[in-house]
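J.: Okay, so here is data15.cif, and as you'll see once you scroll down, it has mmCIF, C-alpha atoms.
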data_upload
#
loop_
_atom_site.label_atom_id
_atom_site.label_comp_id
_atom_site.auth_asym_id
_atom_site.auth_seq_id
_atom_site.Cartn_x
_atom_site.Cartn_y
_atom_site.Cartn_z
CA MET D 203 4.56 29.46 29.55
CA ASP D 204 4.62 30.56 33.20
CA VAL D 205 3.37 34.02 32.27
CA ALA D 206 0.46 32.51 30.34
CA LEU D 207 -0.33 30.29 33.32
CA ALA D 208 -0.24 33.26 35.69
CA CYS D 209 -2.65 35.13 33.38
CA ILE D 210 -5.06 32.15 33.28
CA PHE D 211 -5.09 31.78 37.07
CA GLY D 212 -5.30 35.56 37.51
CA ALA D 213 -8.33 35.77 35.22
CA TRP D 214 -9.96 32.76 36.91
CA LEU D 215 -9.44 34.30 40.35
CA ALA D 216 -10.76 37.69 39.20
CA LEU D 217 -13.90 36.05 37.77
CA SER D 218 -14.28 34.06 41.00
CA VAL D 219 -14.19 37.31 43.00
CA ILE D 220 -16.77 38.93 40.68
CA GLY D 221 -18.92 35.80 40.95
CA GLN D 222 -19.33 36.33 44.70
CA PHE D 223 -21.61 39.33 44.07
CA GLN D 224 -25.28 38.69 43.46
CA ALA D 225 -26.14 40.81 40.42
CA PRO D 226 -27.83 40.27 37.05
CA LYS D 227 -24.46 40.51 35.27
CA THR D 228 -22.88 37.82 37.46
CA ASP D 229 -25.96 35.64 36.91
CA ALA D 230 -25.35 35.99 33.16
CA LEU D 231 -21.69 35.03 33.68
CA ARG D 232 -22.77 31.99 35.66
CA ARG D 233 -25.05 30.79 32.84
CA TYR D 234 -21.93 30.21 30.72
CA ASP D 235 -20.10 28.47 33.56
CA VAL D 236 -21.56 25.04 32.86
CA LEU D 237 -18.65 23.24 34.58
CA GLN D 238 -19.19 25.33 37.71
CA LEU D 239 -15.61 26.58 37.78
CA LEU D 240 -16.75 29.85 39.32
CA PRO D 241 -17.56 29.07 42.93
CA ILE D 242 -20.12 30.66 45.21
CA TRP D 243 -18.54 30.74 48.65
CA THR D 244 -21.27 32.44 50.70
CA PHE D 245 -22.00 29.35 52.80
CA PHE D 246 -25.21 29.65 54.85
CA ALA D 247 -25.26 33.43 54.38
CA PRO D 248 -26.90 35.85 54.32
CA ASN D 249 -29.79 33.46 55.05
CA PRO D 250 -28.51 30.78 57.43
CA GLY D 251 -31.16 28.22 56.38
CA SER D 252 -33.11 27.96 59.57
CA SER D 253 -35.87 25.67 58.31
CA ASP D 254 -36.38 22.27 56.72
CA TYR D 255 -38.13 21.57 53.44
CA HIS D 256 -40.54 18.66 53.36
CA VAL D 257 -42.38 17.12 50.44
CA ILE D 258 -45.79 15.90 51.47
CA VAL D 259 -47.80 13.75 49.13
CA ARG D 260 -51.31 12.40 48.76
CA ASP D 261 -52.60 9.97 46.15
CA ARG D 262 -55.92 9.69 44.36
CA CYS D 263 -56.91 6.13 43.60
CA GLY D 264 -58.76 4.94 40.53
CA ASP D 265 -62.10 5.07 42.40
CA GLY D 266 -61.53 8.72 43.36
CA THR D 267 -60.65 8.18 47.02
CA LEU D 268 -57.86 10.33 48.44
CA THR D 269 -55.18 9.16 50.82
CA GLU D 270 -53.99 11.22 53.78
CA TRP D 271 -51.12 13.67 53.29
CA ARG D 272 -47.84 12.06 54.34
CA ASP D 273 -44.20 13.09 54.56
CA ALA D 274 -42.94 11.49 51.36
CA MET D 275 -39.22 11.96 51.88
CA PRO D 276 -38.40 12.12 55.59
CA ILE D 277 -35.10 13.85 56.20
CA PRO D 278 -32.55 11.19 57.19
CA ALA D 279 -31.22 11.73 60.70
CA GLN D 280 -27.49 12.12 61.24
CA THR D 281 -25.80 8.91 62.32
CA VAL D 282 -22.61 8.37 64.32
CA THR D 283 -20.72 7.88 61.05
CA SER D 284 -22.18 10.86 59.15
CA TRP D 285 -19.00 12.88 59.83
CA LEU D 286 -17.11 10.35 57.71
CA TRP D 287 -19.62 8.73 55.37
CA ASN D 288 -22.89 10.40 54.43
CA PRO D 289 -24.17 9.40 50.97
CA LYS D 290 -27.80 10.17 51.88
CA LYS D 291 -27.11 13.89 52.03
CA ARG D 292 -27.04 14.06 48.22
CA GLN D 293 -30.75 13.39 47.72
CA GLN D 294 -31.63 15.94 50.40
CA LYS D 295 -29.33 18.49 48.75
CA VAL D 296 -31.08 17.93 45.40
CA LEU D 297 -34.37 18.77 47.11
CA VAL D 298 -32.93 21.85 48.87
CA ASP D 299 -31.43 23.14 45.59
CA ALA D 300 -34.64 22.51 43.65
CA VAL D 301 -36.82 24.21 46.27
CA SER D 302 -34.43 27.19 46.44
CA SER D 303 -34.60 27.51 42.65
CA LEU D 304 -38.41 27.28 42.76
CA ALA D 305 -38.52 30.01 45.41
CA GLU D 306 -36.39 32.22 43.15
CA LEU D 307 -38.69 31.52 40.19
CA CYS D 308 -41.72 32.45 42.30
CA ALA D 309 -40.18 35.79 43.31
CA PRO D 310 -41.94 38.81 41.73
CA SER D 311 -38.76 39.83 39.87
CA SER D 312 -38.66 36.46 38.08
CA GLN D 313 -42.37 36.57 37.21
CA ARG D 314 -42.17 39.92 35.43
CA GLY D 315 -43.45 39.69 31.88
CA ILE D 316 -45.54 36.58 32.53
CA PRO D 317 -49.33 37.17 32.69
CA PRO D 318 -50.61 36.33 36.20
CA GLU D 319 -52.98 33.62 34.90
CA ARG D 320 -50.06 31.78 33.22
CA ARG D 321 -47.54 31.92 36.09
CA GLY D 322 -48.60 28.65 37.69
CA ARG D 323 -48.52 26.80 34.36
CA VAL D 324 -45.10 28.21 33.45
CA LEU D 325 -43.73 26.93 36.76
CA LEU D 326 -44.85 23.38 35.93
CA ILE D 327 -42.35 23.08 33.08
CA THR D 328 -39.36 24.52 34.89
CA SER D 329 -36.37 22.33 35.66
CA PRO D 330 -36.60 22.48 39.50
CA TYR D 331 -40.31 21.63 39.42
CA LEU D 332 -39.60 18.63 37.20
CA VAL D 333 -36.83 17.53 39.59
CA VAL D 334 -39.24 17.49 42.55
CA LEU D 335 -42.02 15.91 40.48
CA ASN D 336 -39.66 13.16 39.33
CA MET D 337 -38.74 12.41 42.95
CA VAL D 338 -42.41 12.34 43.94
CA VAL D 339 -43.40 10.03 41.08
CA HIS D 340 -40.43 7.65 41.20
CA CYS D 341 -38.77 7.82 44.63
CA VAL D 342 -41.90 7.73 46.78
CA GLU D 343 -44.00 4.70 47.63
CA HIS D 344 -47.56 5.28 46.46
CA ALA D 345 -50.79 3.77 47.70
CA PRO D 346 -51.93 0.57 45.95
CA GLY D 347 -54.19 1.51 43.08
CA ALA D 348 -53.04 5.14 43.06
CA ALA D 349 -53.70 6.76 39.67
CA THR D 350 -52.59 10.31 40.33
CA SER D 351 -50.59 12.07 43.01
CA GLN D 352 -50.41 15.59 44.37
CA PHE D 353 -47.56 17.08 46.37
CA ALA D 354 -46.92 20.14 48.45
CA LEU D 355 -43.63 21.72 49.44
CA VAL D 356 -43.73 22.62 53.10
CA GLU D 357 -41.25 24.71 55.03
CA ARG D 358 -40.98 23.84 58.69
CA SER D 359 -39.10 25.93 61.24
CA SER D 360 -36.39 24.58 63.49
CA PHE D 361 -37.15 21.85 66.06
CA GLY D 362 -37.35 24.48 68.81
CA GLN D 363 -39.82 26.82 67.11
CA ALA D 364 -43.53 26.30 67.47
CA ALA D 365 -44.47 28.20 64.28
CA ASN D 366 -46.88 26.42 61.96
CA PRO D 367 -45.40 24.90 58.77
CA THR D 368 -45.74 27.07 55.66
CA VAL D 369 -46.98 25.61 52.37
CA LEU D 370 -44.70 27.00 49.66
CA LEU D 371 -46.26 25.27 46.69
CA LEU D 372 -49.24 23.02 46.03
CA SER D 373 -49.05 21.00 42.84
CA PRO D 374 -51.95 19.85 40.68
CA PHE D 375 -52.57 16.09 40.52
CA HIS D 376 -50.07 14.35 38.29
CA ARG D 377 -50.68 11.02 36.62
CA LEU D 378 -48.49 8.22 37.92
CA GLY D 379 -46.71 6.20 35.29
CA PRO D 380 -47.08 2.47 34.78
CA MET X 299 11.71 30.77 65.57
CA GLU X 300 12.94 29.90 62.07
CA PRO X 301 10.19 28.73 59.68
CA PRO X 302 10.61 25.22 58.28
CA ALA X 303 12.05 24.90 54.77
CA LEU X 304 9.14 23.39 52.86
CA ASP X 305 9.95 21.48 49.70
CA LEU X 306 7.77 22.62 46.81
CA VAL X 307 7.23 19.15 45.35
CA GLU X 308 6.56 17.56 48.73
CA VAL X 309 3.96 20.22 49.55
CA THR X 310 2.26 19.55 46.21
CA ARG X 311 2.35 15.83 46.96
CA VAL X 312 0.52 16.41 50.27
CA VAL X 313 -2.07 18.56 48.45
CA ILE X 314 -2.61 15.72 45.98
CA TRP X 315 -2.94 13.06 48.69
CA ILE X 316 -5.53 14.97 50.71
CA HIS X 317 -7.34 15.89 47.47
CA VAL X 318 -7.39 12.19 46.56
CA VAL X 319 -8.99 11.30 49.91
CA SER X 320 -11.60 13.99 49.33
CA VAL X 321 -12.46 12.90 45.78
CA VAL X 322 -12.49 9.18 46.65
CA VAL X 323 -14.93 9.66 49.56
CA ALA X 324 -17.22 11.93 47.52
CA THR X 325 -17.17 9.55 44.54
CA LEU X 326 -17.75 6.40 46.58
CA GLU X 327 -20.72 8.14 48.20
CA TYR X 328 -22.16 8.79 44.74
CA LEU X 329 -21.55 5.14 43.81
CA ARG X 330 -23.35 4.06 46.99
CA VAL X 331 -26.50 5.83 45.74
CA SER X 332 -25.91 4.95 42.09
CA ALA X 333 -29.54 3.82 41.70
CA ASP X 334 -30.46 7.51 41.89
CA PHE X 335 -28.69 8.04 38.54
CA GLY X 336 -31.26 5.77 36.90
CA GLU X 337 -34.36 7.02 35.11
CA ARG X 338 -36.43 6.35 38.23
CA GLY X 339 -33.91 7.94 40.56
CA ALA X 340 -33.51 11.35 42.17
CA PHE X 341 -30.71 12.31 39.72
CA ALA X 342 -32.42 11.03 36.54
CA TRP X 343 -30.64 12.51 33.52
CA SER X 344 -33.90 12.89 31.57
CA VAL X 345 -34.88 15.44 34.23
CA PHE X 346 -31.51 16.99 35.11
CA ARG X 347 -30.83 17.69 31.42
CA THR X 348 -33.65 20.24 31.45
CA ALA X 349 -31.25 22.49 33.38
CA ARG X 350 -28.57 22.04 30.71
CA GLY X 351 -30.19 23.04 27.46
CA GLY X 352 -32.44 19.98 27.28
CA SER X 353 -34.09 19.50 23.91
CA ARG X 354 -32.55 22.68 22.42
CA LEU X 355 -29.24 20.86 21.87
CA PRO X 356 -28.37 19.16 18.55
CA PRO X 357 -29.45 15.48 18.47
CA ALA X 358 -25.85 14.18 18.21
CA LEU X 359 -24.83 16.06 21.35
CA ARG X 360 -27.95 14.85 23.15
CA ARG X 361 -27.03 11.25 22.30
CA ILE X 362 -23.49 11.69 23.64
CA GLN X 363 -24.84 13.26 26.82
CA ALA X 364 -27.34 10.44 27.26
CA ALA X 365 -24.61 7.81 26.85
CA LEU X 366 -22.42 9.57 29.39
CA PHE X 367 -25.00 10.59 31.95
CA ARG X 368 -27.59 7.82 32.18
CA ARG X 369 -27.07 5.32 34.96
CA THR X 370 -24.49 3.05 33.30
CA GLY X 371 -22.49 5.95 31.88
CA SER X 372 -22.54 7.76 35.22
CA VAL X 373 -21.34 4.68 37.11
CA VAL X 374 -18.52 4.20 34.60
CA LEU X 375 -17.63 7.88 34.92
CA LEU X 376 -17.48 7.59 38.72
CA ALA X 377 -15.44 4.37 38.60
CA VAL X 378 -12.95 5.93 36.18
CA GLN X 379 -12.73 8.97 38.44
CA VAL X 380 -11.82 6.85 41.51
CA ALA X 381 -9.24 4.84 39.54
CA ALA X 382 -7.68 7.94 37.99
CA VAL X 383 -7.39 9.93 41.18
CA LEU X 384 -5.91 6.96 43.06
CA ALA X 385 -3.39 6.51 40.24
CA ALA X 386 -2.45 10.19 40.56
CA ALA X 387 -1.58 9.60 44.22
CA LEU X 388 0.41 6.43 43.58
CA LEU X 389 2.38 7.42 40.48
CA PRO X 390 5.67 9.34 40.84
CA MET X 391 5.36 13.11 41.06
CA ARG X 392 5.49 15.21 37.89
CA THR X 393 5.53 12.28 35.50
CA MET X 394 3.42 12.00 32.36
CA GLY X 395 1.50 9.12 33.94
CA GLN X 396 0.53 11.19 36.97
CA TRP X 397 -0.41 14.16 34.81
CA LEU X 398 -2.65 12.01 32.61
CA ALA X 399 -4.29 10.51 35.71
CA LEU X 400 -4.98 14.02 37.05
CA LEU X 401 -6.33 15.08 33.65
CA VAL X 402 -8.74 12.14 33.51
CA SER X 403 -9.87 12.70 37.11
CA SER X 404 -10.35 16.41 36.47
CA THR X 405 -12.36 15.73 33.30
CA CYS X 406 -14.62 13.32 35.21
CA LEU X 407 -15.11 15.88 37.99
CA GLY X 408 -16.00 18.52 35.39
CA LEU X 409 -18.48 16.23 33.65
CA LEU X 410 -20.09 15.36 36.98
CA ALA X 411 -20.33 19.06 37.88
CA PHE X 412 -22.06 19.64 34.52
CA ARG X 413 -24.43 16.71 35.09
CA GLN X 414 -25.31 17.49 38.70
CA ARG X 415 -26.90 20.94 38.45
CA TYR X 416 -28.68 19.95 41.67
CA GLY X 417 -27.07 18.24 44.66
CA GLU X 418 -23.47 19.42 44.51
CA ASP X 419 -21.98 21.58 47.26
CA GLY X 420 -18.99 23.77 48.11
CA ALA X 421 -16.78 20.75 48.79
CA ASP X 422 -17.38 19.52 45.22
CA GLN X 423 -16.53 22.99 43.92
CA MET X 424 -13.28 23.04 45.89
CA ASN X 425 -12.38 19.56 44.63
CA LEU X 426 -12.89 20.69 41.03
CA ILE X 427 -10.87 23.88 41.51
CA VAL X 428 -7.95 22.02 43.13
CA SER X 429 -8.10 19.32 40.46
CA VAL X 430 -7.97 21.75 37.52
CA ALA X 431 -5.21 23.78 39.21
CA LEU X 432 -3.16 20.60 39.63
CA VAL X 433 -3.67 19.60 35.99
CA LEU X 434 -2.45 23.00 34.83
CA THR X 435 0.70 22.95 36.98
CA VAL X 436 1.84 19.40 37.86
CA GLY X 437 2.93 18.18 34.43
CA PRO X 438 6.45 16.94 33.61
CA PHE X 439 6.73 19.88 31.22
CA GLN X 440 5.95 22.47 33.91
CA SER X 441 8.50 24.53 35.83
CA ASP X 442 8.82 25.05 39.59
CA THR X 443 7.37 28.51 39.06
CA ALA X 444 4.25 26.92 37.58
CA LEU X 445 3.92 24.76 40.69
CA ARG X 446 4.23 27.84 42.91
CA ILE X 447 1.59 29.68 40.85
CA GLY X 448 -0.76 26.70 41.20
CA LEU X 449 -0.29 26.54 44.97
CA ALA X 450 -0.78 30.31 45.24
CA PHE X 451 -4.01 30.05 43.24
CA ILE X 452 -5.35 27.27 45.46
CA ALA X 453 -4.42 29.33 48.54
CA ALA X 454 -6.13 32.39 47.04
CA GLN X 455 -9.34 30.42 46.45
CA LEU X 456 -9.25 29.33 50.11
CA VAL X 457 -8.81 32.92 51.28
CA LEU X 458 -11.60 34.04 48.93
CA SER X 459 -13.93 31.33 50.23
CA TYR X 460 -13.57 32.39 53.86
CA ALA X 461 -13.58 36.14 53.08
CA SER X 462 -16.69 35.87 50.91
CA ALA X 463 -18.51 33.70 53.45
CA GLY X 464 -17.45 36.02 56.30
CA ILE X 465 -18.54 39.23 54.57
CA ALA X 466 -21.88 37.68 53.58
CA LYS X 467 -22.41 36.82 57.25
CA VAL X 468 -21.36 40.25 58.55
CA VAL X 469 -23.98 41.97 56.38
CA SER X 470 -26.69 39.52 57.47
CA PRO X 471 -28.85 40.71 60.40
CA VAL X 472 -29.54 37.10 61.45
CA TRP X 473 -25.83 36.31 61.67
CA ARG X 474 -25.07 39.56 63.48
CA SER X 475 -27.79 38.79 66.01
CA GLY X 476 -25.74 35.76 67.07
CA ARG X 477 -28.60 33.30 66.45
CA ALA X 478 -27.51 31.81 63.10
CA VAL X 479 -25.51 28.77 64.28
CA GLY X 480 -28.26 27.88 66.75
CA LEU X 481 -30.89 28.13 64.00
CA VAL X 482 -28.92 26.02 61.49
CA VAL X 483 -28.08 23.16 63.86
CA ASP X 484 -31.69 23.14 65.06
CA THR X 485 -32.83 21.84 61.66
CA ALA X 486 -33.08 18.21 60.61
CA THR X 487 -31.29 18.92 57.32
CA TYR X 488 -28.06 20.37 58.73
CA GLY X 489 -28.24 19.60 62.41
CA SER X 490 -29.94 17.42 64.94
CA ARG X 491 -32.53 17.64 67.67
CA GLN X 492 -29.81 17.13 70.31
CA ALA X 493 -27.43 19.81 68.98
CA GLY X 494 -30.34 22.23 68.59
CA ALA X 495 -31.50 21.53 72.13
CA VAL X 496 -28.03 22.22 73.56
CA LEU X 497 -27.85 25.64 71.90
CA ARG X 498 -31.42 26.44 72.88
CA ARG X 499 -30.54 25.66 76.48
CA TRP X 500 -27.37 27.77 76.34
CA PRO X 501 -28.09 30.57 73.86
CA GLY X 502 -24.88 32.30 74.97
CA LEU X 503 -22.91 29.40 73.51
CA GLY X 504 -24.77 29.77 70.19
CA TYR X 505 -24.01 33.51 70.21
CA LEU X 506 -20.33 32.79 70.88
CA LEU X 507 -20.13 30.16 68.12
CA THR X 508 -21.90 32.38 65.59
CA TRP X 509 -19.51 35.25 66.20
CA ALA X 510 -16.51 32.89 66.30
CA VAL X 511 -17.41 31.72 62.77
CA ILE X 512 -17.79 35.31 61.54
CA VAL X 513 -14.52 36.49 63.14
CA PHE X 514 -12.59 33.46 61.88
CA GLU X 515 -13.84 33.80 58.30
CA VAL X 516 -13.40 37.56 58.05
CA SER X 517 -9.96 37.66 59.69
CA PHE X 518 -8.51 34.58 57.96
CA VAL X 519 -7.09 36.72 55.14
CA ALA X 520 -4.99 38.70 57.64
CA MET X 521 -4.11 35.84 59.96
CA VAL X 522 -2.55 33.66 57.28
CA PHE X 523 0.21 36.19 56.85
CA LEU X 524 1.26 35.99 60.48
CA PRO X 525 4.90 34.97 60.97
CA TRP X 526 5.83 31.38 61.73
CA PRO X 527 4.72 29.63 63.96
CA TRP X 528 1.63 31.85 64.50
CA VAL X 529 0.41 31.13 60.96
CA MET X 530 -0.43 27.65 62.22
CA VAL X 531 -3.11 29.10 64.53
CA PRO X 532 -5.66 30.04 61.78
CA LEU X 533 -4.97 26.76 60.01
CA ALA X 534 -5.56 24.76 63.22
CA VAL X 535 -8.74 26.78 63.90
CA GLY X 536 -9.87 26.15 60.32
CA ALA X 537 -9.28 22.40 60.58
CA THR X 538 -11.24 22.33 63.86
CA PHE X 539 -14.00 24.39 62.22
CA HIS X 540 -14.40 21.92 59.33
CA ALA X 541 -14.18 18.91 61.65
CA SER X 542 -16.99 20.43 63.78
CA ILE X 543 -19.12 21.01 60.67
CA ALA X 544 -18.62 17.37 59.66
CA LEU X 545 -19.53 16.14 63.14
CA VAL X 546 -22.56 18.33 63.80
CA MET X 547 -23.93 18.98 60.32
CA GLY X 548 -22.91 15.78 58.54
CA LEU X 549 -21.15 17.78 55.79
CA ASN X 550 -18.25 15.33 55.75
CA ASN X 551 -16.77 16.21 52.35
CA PHE X 552 -15.86 19.77 53.37
CA LEU X 553 -13.18 18.54 55.80
CA PRO X 554 -10.85 16.84 53.27
CA ALA X 555 -11.80 19.20 50.41
CA PHE X 556 -10.74 22.28 52.37
CA LEU X 557 -7.84 20.58 54.18
CA SER X 558 -6.34 19.74 50.77
CA THR X 559 -5.80 23.48 50.26
CA TYR X 560 -4.08 24.05 53.62
CA PRO X 561 -0.57 22.87 52.59
CA ALA X 562 -0.81 25.27 49.63
CA MET X 563 -1.87 28.02 52.02
CA LEU X 564 1.01 27.32 54.41
CA TYR X 565 3.57 27.22 51.59
CA SER X 566 2.31 30.45 50.02
CA SER X 567 2.10 32.20 53.40
CA LEU X 568 5.69 31.30 54.31
CA LEU X 569 6.82 32.40 50.85
CA VAL X 570 5.15 35.80 51.28
CA THR X 571 6.29 36.39 54.87
CA SER X 572 9.88 35.41 54.01
CA GLN X 573 9.94 38.26 51.48
CA LEU X 574 8.73 40.85 53.99
#
Starting from the coordinates I provided, produce the structure as structure tokens.

T.:
Amino acid sequence: MDVALACIFGAWLALSVIGQFQAPKTDALRRYDVLQLLPIWTFFAPNPGSSDYHVIVRDRCGDGTLTEWRDAMPIPAQTVTSWLWNPKKRQQKVLVDAVSSLAELCAPSSQRGIPPERRGRVLLITSPYLVVLNMVVHCVEHAPGAATSQFALVERSSFGQAANPTVLLLSPFHRLGP
Amino acid sequence: MEPPALDLVEVTRVVIWIHVVSVVVATLEYLRVSADFGERGAFAWSVFRTARGGSRLPPALRRIQAALFRRTGSVVLLAVQVAAVLAAALLPMRTMGQWLALLVSSTCLGLLAFRQRYGEDGADQMNLIVSVALVLTVGPFQSDTALRIGLAFIAAQLVLSYASAGIAKVVSPVWRSGRAVGLVVDTATYGSRQAGAVLRRWPGLGYLLTWAVIVFEVSFVAMVFLPWPWVMVPLAVGATFHASIALVMGLNNFLPAFLSTYPAMLYSSLLVTSQL
């Protein structure tokens, strides 16, 4: 029994070590790891994450008028109790994960085999795009009478850097549900 | 100085208690934002399922998933998880009751990890790893050797986590430049305007902190095999490191999740050094 246990833990540890390397074969391994038992421990590296992602939104009303762009999901500021209790970080992490996945999907290596004219459309039915779209449609307050909404993913550098924000993605207008 | 004689079962009990704190905080945080599990929430299952096979799955499986992962099912799952993990802490060690409680908690953690393709972090991963390792080793039918193997595995995952993070930082030009910590804490997502301003004013401090993180993570694997009492130094530095991350970055779950592995690390380290 103990030998079998040692073999199980040994195999799990070996796969965990292999999983630390970014390679097509480890990506394939990860696809089968639906319970996420193989960790990725490369916290904030090699890219330390030196910018914030913002979702900006504008609405088009039934009469065709457009609202101004606005920050739809402002990043919640840390509070004095965030070190102990910080439930709001989850929604922000969903956004960060979805945007990171979208960035990967937009990379040239991921777009290989897709005709250039179809790339934008293919992106619209990917899981991370739908995650962001769902947040825009349901978690954001829209203008009264808004019929459709458009969003953009914007990357903004650190507080101390004066660089202009970069638009990563501009969506088409999406119909807002009832 | 003679190392303390650590009792195997007592060490495992401390691992379980800290793990319980970690899981309870993480789960209560999820319950606090439980509206997000609804169909109009940020974690809506109808959307998240697109990352898990979506409509390609057989209809029966889709129905089971929907029952488990829509808002009501998710809240029940989270409530069961809190109850089970608390029971694991309160029930006597290595009894069938405690093992079943750990099994239920571990199953809930696994289901949540499956559901939450987006939004989970390294603390959740560590919680799941510790939980499964405990289930496999803390049963009434398991030997002391099994307990030792479980603790060694948890310790090895801790060492791997720091080594992997450290190596990934060493090969990164931004981290080697000494600017990384300053850049991270200067964001709204993982820092604050005040913390960013402090490191902008004293870039030398940011440089020092960045390299301190790299050196700590890369050298942890060697430092944990220092003889007693020096082995306590990397563990104390690690605890301070996670407490600082919680304070400055608001990543509060990493502190208990990683601290739950430290008793396993200490036990395994003393076991190894006593053989040398």

J.: Check which residues of chain X sit at most 6 Å from chain D using only C-alpha atoms, and return one row each with the closest pair of atoms and their distance in Å to one decimal, ordered by chain and rising number, as a Markdown table.

T.:
| residue | atom | partner | partner_atom | distance |
| --- | --- | --- | --- | --- |
| X:Glu327 | CA | D:Pro289 | CA | 4.6 |
| X:Arg338 | CA | D:His340 | CA | 5.1 |
| X:Ala340 | CA | D:Met337 | CA | 5.4 |
| X:Thr348 | CA | D:Ser329 | CA | 5.4 |
| X:Ala349 | CA | D:Ser329 | CA | 5.6 |
| X:Gly408 | CA | D:Leu237 | CA | 5.5 |
| X:Ala411 | CA | D:Leu237 | CA | 5.6 |
| X:Phe412 | CA | D:Leu237 | CA | 5.0 |
| X:Tyr416 | CA | D:Val296 | CA | 4.9 |
| X:Gly417 | CA | D:Val296 | CA | 4.1 |
| X:Ala444 | CA | D:Asp204 | CA | 5.7 |
| X:Ser459 | CA | D:Trp243 | CA | 4.9 |
| X:Ser462 | CA | D:Thr244 | CA | 5.7 |
| X:Ala463 | CA | D:Thr244 | CA | 4.1 |
| X:Ala466 | CA | D:Pro248 | CA | 5.4 |
| X:Lys467 | CA | D:Ala247 | CA | 5.3 |
| X:Ser470 | CA | D:Pro248 | CA | 4.8 |
| X:Ala478 | CA | D:Pro250 | CA | 5.8 |
| X:Leu481 | CA | D:Ser252 | CA | 5.0 |
| X:Val482 | CA | D:Ser252 | CA | 5.0 |
| X:Asp484 | CA | D:Ser360 | CA | 5.2 |
| X:Thr485 | CA | D:Ser360 | CA | 4.9 |
| X:Ala544 | CA | D:Trp285 | CA | 4.5 |
| X:Leu545 | CA | D:Trp285 | CA | 4.7 |
| X:Gly548 | CA | D:Ser284 | CA | 5.0 |
| X:Asn550 | CA | D:Trp285 | CA | 4.8 |

J.: Report as a PyMOL selection string the full result of the PyMOL selection byres ((chain X and resi 402) around 12) when it is applied to this structure.

T.: chain X and resi 375-386+395-401+403-409+429-430+432-433

J.: Carefully work through the PyMOL selection byres ((chain X and resi 446-450) around 10) for this structure and note down the residues it includes, as an NGL selection string.

T.: (:D and (204-205 or 207-208 or 211-212)) or (:X and (306-307 or 309-310 or 313 or 428 or 430-436 or 441-445 or 451-456 or 559-567 or 569))

J.: Please list as a VMD selection string every residue within 12 Å of X:Trp509, counting all atoms listed in the file and excluding residues in the same chain fewer than 2 positions away.

T.: chain X and resid 464 467 to 468 472 to 480 502 to 507 511 to 517

J.: Go through X:Phe518, X:Phe556, X:Phe335, X:Trp500 one by one, measure the shortest atom-to-atom distance of each to X:Gly420 using all atoms listed in the file, and give the residue with the smallest value.

T.: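 Looking only at the distances to X:Gly420, the closest residue turns out to be X:Phe556.
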
J.: Quick check, in Å to one decimal: how far apart do atom CA of D:Cys263 and atom CA of D:His344 lie?

T.: 9.8 Å

J.: Between atom CA of D:His376 and atom CA of D:Ala348, what is the spacing in Å?

T.: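 Going from atom CA of D:Ala348 over to atom CA of D:His376, I get 10.8 Å.
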
J.: Rounded to one decimal place, report the atom CA of X:Ala555-atom CA of X:Val529 distance in Å.

T.: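 Interatomic distance here is 20.1 Å.
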
J.: Assuming the chain letters and numbering stay as they are in my file, what does the PyMOL selection byres ((chain X and resi 540) around 10) actually select? List them as a list in words.

T.: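 Output from the PyMOL selection byres ((chain X and resi 540) around 10), applied to this file: Val535, Gly536, Ala537, Thr538, Phe539, Ala541, Ser542, Ile543, Ala544, Leu545, Val546, Leu549, Asn550, Asn551, Phe552, Leu553, Pro554, Ala555, Phe556 and Leu557 of chain X.
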
J.: Determine, counting all atoms listed in the file, which protein, DNA and RNA residues have an atom within 10 Å of an atom of D:Ser373; residues of the same chain fewer than 5 positions away are not included. Present the result as number ranges by chain.

T.: D: 259, 322, 326, 331, 335, 351-355

J.: With only C-alpha atoms as the atoms that count, which of D:Ala365, D:Leu325, D:Leu231, D:Ala349 lies nearest to D:Gly266?

T.: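 Going through D:Ala365, D:Leu325, D:Leu231, D:Ala349 one by one, the smallest distance to D:Gly266 is for D:Ala349.
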
J.: Considering all atoms listed in the file, can you say which of D:Asn366, D:Arg321, D:Pro346, D:Gly221 comes closest to D:Ala309?

T.: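 Ranking D:Asn366, D:Arg321, D:Pro346, D:Gly221 by distance to D:Ala309, first place goes to D:Arg321.
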
J.: Box for stretch 510-523 of chain X - axis-aligned, 3 Å on each of the six sides, all listed atoms - centre and size in Å to one decimal, as AutoDock Vina command-line options.

T.:
--center_x -8.8 --center_y 35.2 --center_z 60.7 --size_x 24.0 --size_y 13.0 --size_z 17.2
